[in-house]
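Working notes for the structure below.
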Amino acid sequence: MGKLSSKRNCPPHFNTPPGQFITEKFPVLTFGKSPEIDLNNWEFTAYGLVNKQIKFNWSEFTNLKSTKITAQFHCVTQWSRLENTWEGIPFSTISEIIQPKPNARFAMVHCYGGYSTNLELSSMLESNVLLAYKHDNQPLTTQHGGPMRLVIPNRYGWKSAKWVKGIELIEQNAPGFWESRGYHMYGDPWKEQRFQAD
Ligand SMILES: Nc1nc2c(c(=O)[nH]1)N[C@H]1C(S)=C(S)[C@@H](COP(=O)(O)O)O[C@H]1N2
Ligand SMILES: [Mo]
């Protein structure tokens with residue numbers, strides 16, 4: 001990765017998806033209020049079409065082997081933040097534990113506070129998809145999804161669900177919170193898959 005200073009001098013279209021503008025801030029985009037989560041009661045579950053259902057508390061979850069990635073972040077409202085380091089547990093690690101059944105094709109990500117989003121299981125298994133608890137080397141703040149959020153850099157930001165509580169593997173695709181309000185089922189920023197009608 002180049003330095004941020006060199007990227008700043010690039011025209012916005014050079015290395016960001018079409019229709020996006022670069023910001024160096026980290027705006028907060030939340031529908032409604034941030035949920036209050038007590039780490040002592042925090043739980044992460046994975047269930048549905050799996051051979052082994054799991055329920056982890058914070059120490060069980062953070063004892064899994066973590067990874068660090070650097071990735072762009074693209075919100076459908078057109079801001080992109082180019083350099084973000086995220087640290088957390090790859091979803092592929094969770095997948096090895098839960099062992100999806102052959103008919104598991106999609107994931108519904110459920111959040112504290114009621115938000116949800118849907119993703120293809122195959123996209124979730126890419127190596128840069130994390131259940132992240134650090135951003136730019138700091139513990140995730142509450143407003144950015146702390147204690148833990150999904151990060152899926154190859155999709156628009158609404159699919160990077162904050163305050164993740166559970167991941168349900170399903171056979172038929174179904175819309176999450178924004179997808180049922182017209183946002184795209186896949187949401188690839190490089191293809192400008194913003195809204196369902198596009
Ligand atoms: N639970 C939850 N996750 C969410 C949202 C939300 O409203 N609730 N907003 C989404 C949207 S639209 C974006 S762009 C990103 C923004 O993440 P940030 O607030 O950390 O910048 O979070 C996504 N994840
Ligand atoms: Mo967004």
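Residue names in the structure tokens use chain letters A, B, ... in the order shown, residue numbers from 1 in each chain, and ligand numbers from 1 in the order shown.
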
**OP:** Please provide as number ranges by chain all residues within 12 Å of Gly48 (chain A), with the sequence filter that same-chain residues fewer than 5 positions apart are discarded (counting only C-alpha atoms).
**Re:** A: 53-54, 98-101, 103-109, 166-172

Write as a CSV table (one decimal) with N, CA and C atoms, in the first residue's frame the residues around ligand 2, taking 6 Å as the cut-off and counting only C-alpha atoms and all ligand atoms.
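File selection_28.csv, as written:
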chain,number,residue,atom,x,y,z
A,29,LEU,N,-22.1,6.3,10.4
A,29,LEU,CA,-23.3,6.1,9.7
A,29,LEU,C,-24.1,5.0,10.4
A,75,CYS,N,-18.9,4.0,1.6
A,75,CYS,CA,-20.3,4.1,1.9
A,75,CYS,C,-21.1,4.4,0.7
A,76,VAL,N,-22.3,3.9,0.6
A,76,VAL,CA,-23.2,4.2,-0.6
A,76,VAL,C,-23.6,5.6,-0.6
A,77,THR,N,-23.5,6.4,0.5
A,77,THR,CA,-23.7,7.8,0.4
A,77,THR,C,-22.5,8.6,-0.1
A,157,GLY,N,-20.5,-0.1,2.5
A,157,GLY,CA,-20.4,-0.1,3.9
A,157,GLY,C,-21.6,-0.6,4.7
A,158,TRP,N,-22.8,-0.5,4.1
A,158,TRP,CA,-23.9,-1.0,4.9
A,158,TRP,C,-23.9,-2.5,5.2

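Shortest atom-to-atom contact with Phe21 (chain A) among A:Asn128, A:Gln193, A:Ser80, A:Ser92: A:Ser80, counting only C-alpha atoms.
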
Residues of region 54-96 of chain A that have any atom at most 8 Å from an atom of region 145-153 of chain A: could you tabulate them with the shortest-distance atom pair and the distance in Å to one decimal, using only C-alpha atoms, ordered by chain and increasing number, as a Markdown table?
| residue | atom | partner | partner_atom | distance |
| --- | --- | --- | --- | --- |
| A:Ala71 | CA | A:Pro153 | CA | 6.2 |
| A:Gln72 | CA | A:Pro153 | CA | 6.4 |
| A:Phe73 | CA | A:Pro153 | CA | 6.1 |
| A:His74 | CA | A:Pro153 | CA | 7.8 |
| A:Trp86 | CA | A:Val151 | CA | 8.0 |

Which residues of chain A have any atom within 6 Å of an atom in ligand 1 when counting only C-alpha atoms and all ligand atoms, and what is the closest pair of atoms for each, with the distance in Å to one decimal? Order the rows by chain and rising number and write it as JSON lines.
{"residue": "A:Phe26", "atom": "CA", "partner": "ligand 1", "partner_atom_place_in_ligand_line": "21 (O)", "distance": 5.7}
{"residue": "A:Pro27", "atom": "CA", "partner": "ligand 1", "partner_atom_place_in_ligand_line": "21 (O)", "distance": 5.0}
{"residue": "A:Val28", "atom": "CA", "partner": "ligand 1", "partner_atom_place_in_ligand_line": "19 (O)", "distance": 3.4}
{"residue": "A:Leu29", "atom": "CA", "partner": "ligand 1", "partner_atom_place_in_ligand_line": "19 (O)", "distance": 3.9}
{"residue": "A:Thr30", "atom": "CA", "partner": "ligand 1", "partner_atom_place_in_ligand_line": "7 (O)", "distance": 3.3}
{"residue": "A:Phe31", "atom": "CA", "partner": "ligand 1", "partner_atom_place_in_ligand_line": "7 (O)", "distance": 3.7}
{"residue": "A:Cys75", "atom": "CA", "partner": "ligand 1", "partner_atom_place_in_ligand_line": "14 (S)", "distance": 4.1}
{"residue": "A:Cys111", "atom": "CA", "partner": "ligand 1", "partner_atom_place_in_ligand_line": "1 (N)", "distance": 5.4}
{"residue": "A:Tyr115", "atom": "CA", "partner": "ligand 1", "partner_atom_place_in_ligand_line": "1 (N)", "distance": 4.7}
{"residue": "A:His144", "atom": "CA", "partner": "ligand 1", "partner_atom_place_in_ligand_line": "20 (O)", "distance": 3.6}
{"residue": "A:Gly157", "atom": "CA", "partner": "ligand 1", "partner_atom_place_in_ligand_line": "14 (S)", "distance": 3.9}
{"residue": "A:Trp158", "atom": "CA", "partner": "ligand 1", "partner_atom_place_in_ligand_line": "11 (C)", "distance": 3.5}
{"residue": "A:Lys159", "atom": "CA", "partner": "ligand 1", "partner_atom_place_in_ligand_line": "23 (C)", "distance": 6.0}
{"residue": "A:Ser160", "atom": "CA", "partner": "ligand 1", "partner_atom_place_in_ligand_line": "24 (N)", "distance": 5.0}
{"residue": "A:Ala161", "atom": "CA", "partner": "ligand 1", "partner_atom_place_in_ligand_line": "24 (N)", "distance": 3.8}
{"residue": "A:Lys162", "atom": "CA", "partner": "ligand 1", "partner_atom_place_in_ligand_line": "3 (N)", "distance": 3.7}
{"residue": "A:Trp163", "atom": "CA", "partner": "ligand 1", "partner_atom_place_in_ligand_line": "1 (N)", "distance": 5.5}

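If you look at CA of Ile97 (chain A) and CA of Leu64 (chain A), they are 10.6 Å away from each other.
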
**OP:** Write out as a ChimeraX atom specification all residues of chain A that backbone DSSP assigns to strand (DSSP E or B).
**Re:** /A:21-22,44-48,50,54-56,67-74,79-90,100,106-111,116-120,130-135,138-139,149-151,164-170,183,195
